[in-house]
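Data first, discussion second: the structure below is written as structure tokens.
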Amino acid sequence: MSVTFPPELIIAFLLAMVRASSWIVVAPPFNNRMIPAQVKAGVAAALALSVAPELSHHVSANLDTASLIGAMVVQVAVGLTLGFLANMLLSALQTAGSFIDLFGGFTIAHAYDPMSNASSTMFGRVYQLLMVTLLFALDGHLLMVRGFMSSFDAVGATGLQMGSLQDVLMRDFGTFFIASIEIAAPLLGALFLSEVVLGLLTRAAPQLNVMALGFPLKILLTISLVTLALPLLPDAVSRMLHEAITAGAGAFR
């Protein structure tokens, strides 16, 4: 017994596999280095297999080499763009943690992060781990996959219309920066007030050693404020997740 597959189905599967692989390499939480490469390849193949039958209706089996390479380039561009938009918006939490490290005096303690192959500050790393955890807890990874699957309805196998990609990128960069400030703003305000109180205390009692008193106080205050602000993070992750899905839908029309 022999099993034959239509050429259109095979080409559609390969093109969808290229797009899914490009997206998984960049988009959180799938871009984490803790996930083995074999698992990422399996997820990409599963996503491609689910859309290949529908995508095969829009693929011609008579594609020459140049057209096939061009179609693969299109898929790579779409996958990387969607992944970059999601990664940029969801990184707002890590940036907010970096702001807290900056105002709280934790920027001295840089640590090497083997998962991202870069050095990160303490609360920046903590917020990044919380973002990944909340994505899975809120079923955000399923929403990410659903948004990615809908991209095949907007951009087929060979055609590419960038739409208002430049406007989307500029708007999302502003959203990313504003969201980072909003997430960290309550803690930054409290840390600023602590600096003012220490300054007034220095003027009132110059004999006090502000350097010896200030650092332990700021460390204790920062840890306490971060603990109190943890219940606000699920709403922030949910908001940025929907922003990422909306950005992916608006990038290609």
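By order of appearance in the structure tokens: chains A, B, ..., then residues from 1 within every chain, and ligands from 1 in the order shown.
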Inset, instruction - Mind checking which residues fall within 12 Å of Val25 in chain A, counting only C-alpha atoms, ignoring those fewer than 2 positions away in the same chain, and posting them as a ChimeraX atom specification? - result: /A:18-23,27-33,35-37,39-41,43-44,76,79-84,86-87
Inset, instruction - Compile the contact shell of range 49-60 of chain A as a PyMOL selection string: residues with an atom at most 7 Å away, counting only C-alpha atoms, same-chain residues fewer than 5 positions apart removed. - result: chain A and resi 8-9+12-13+16+157
Next, the residues of the selection above should be written as a CSV table (one decimal), in the first residue's frame with C-alpha atoms.
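Ended up saving to out.csv:
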```
chain,number,residue,atom,x,y,z
A,8,GLU,CA,0.2,21.5,-3.1
A,9,LEU,CA,-0.2,20.1,0.4
A,12,ALA,CA,1.8,24.5,1.9
A,13,PHE,CA,3.1,22.5,4.8
A,16,ALA,CA,3.6,27.1,7.0
A,157,ALA,CA,1.5,31.5,1.1
```
Legend entry - Shell around Leu193 in chain A at 12 Å using only C-alpha atoms, local window under 4 positions removed, as a count of residues only: 12
Legend entry - Shell around Ile223 in chain A at 12 Å using only C-alpha atoms, local window under 2 positions removed, as number ranges by chain: A: 97, 100-101, 104-106, 122-123, 126, 187, 190-191, 216-221, 225-230
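Pairwise distance (CA of Arg146 in chain A, CA of Ala247 in chain A) equals 13.7 Å.
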Legend entry - Residue set, range 22-227 of chain A restricted to alpha helix (DSSP H), as a ChimeraX atom specification: /A:22-26,37-55,65-90,92-104,122-137,140-154,165-204,210-227
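One finds CA of Leu93 in chain A at 9.6 Å from CA of Arg125 in chain A.
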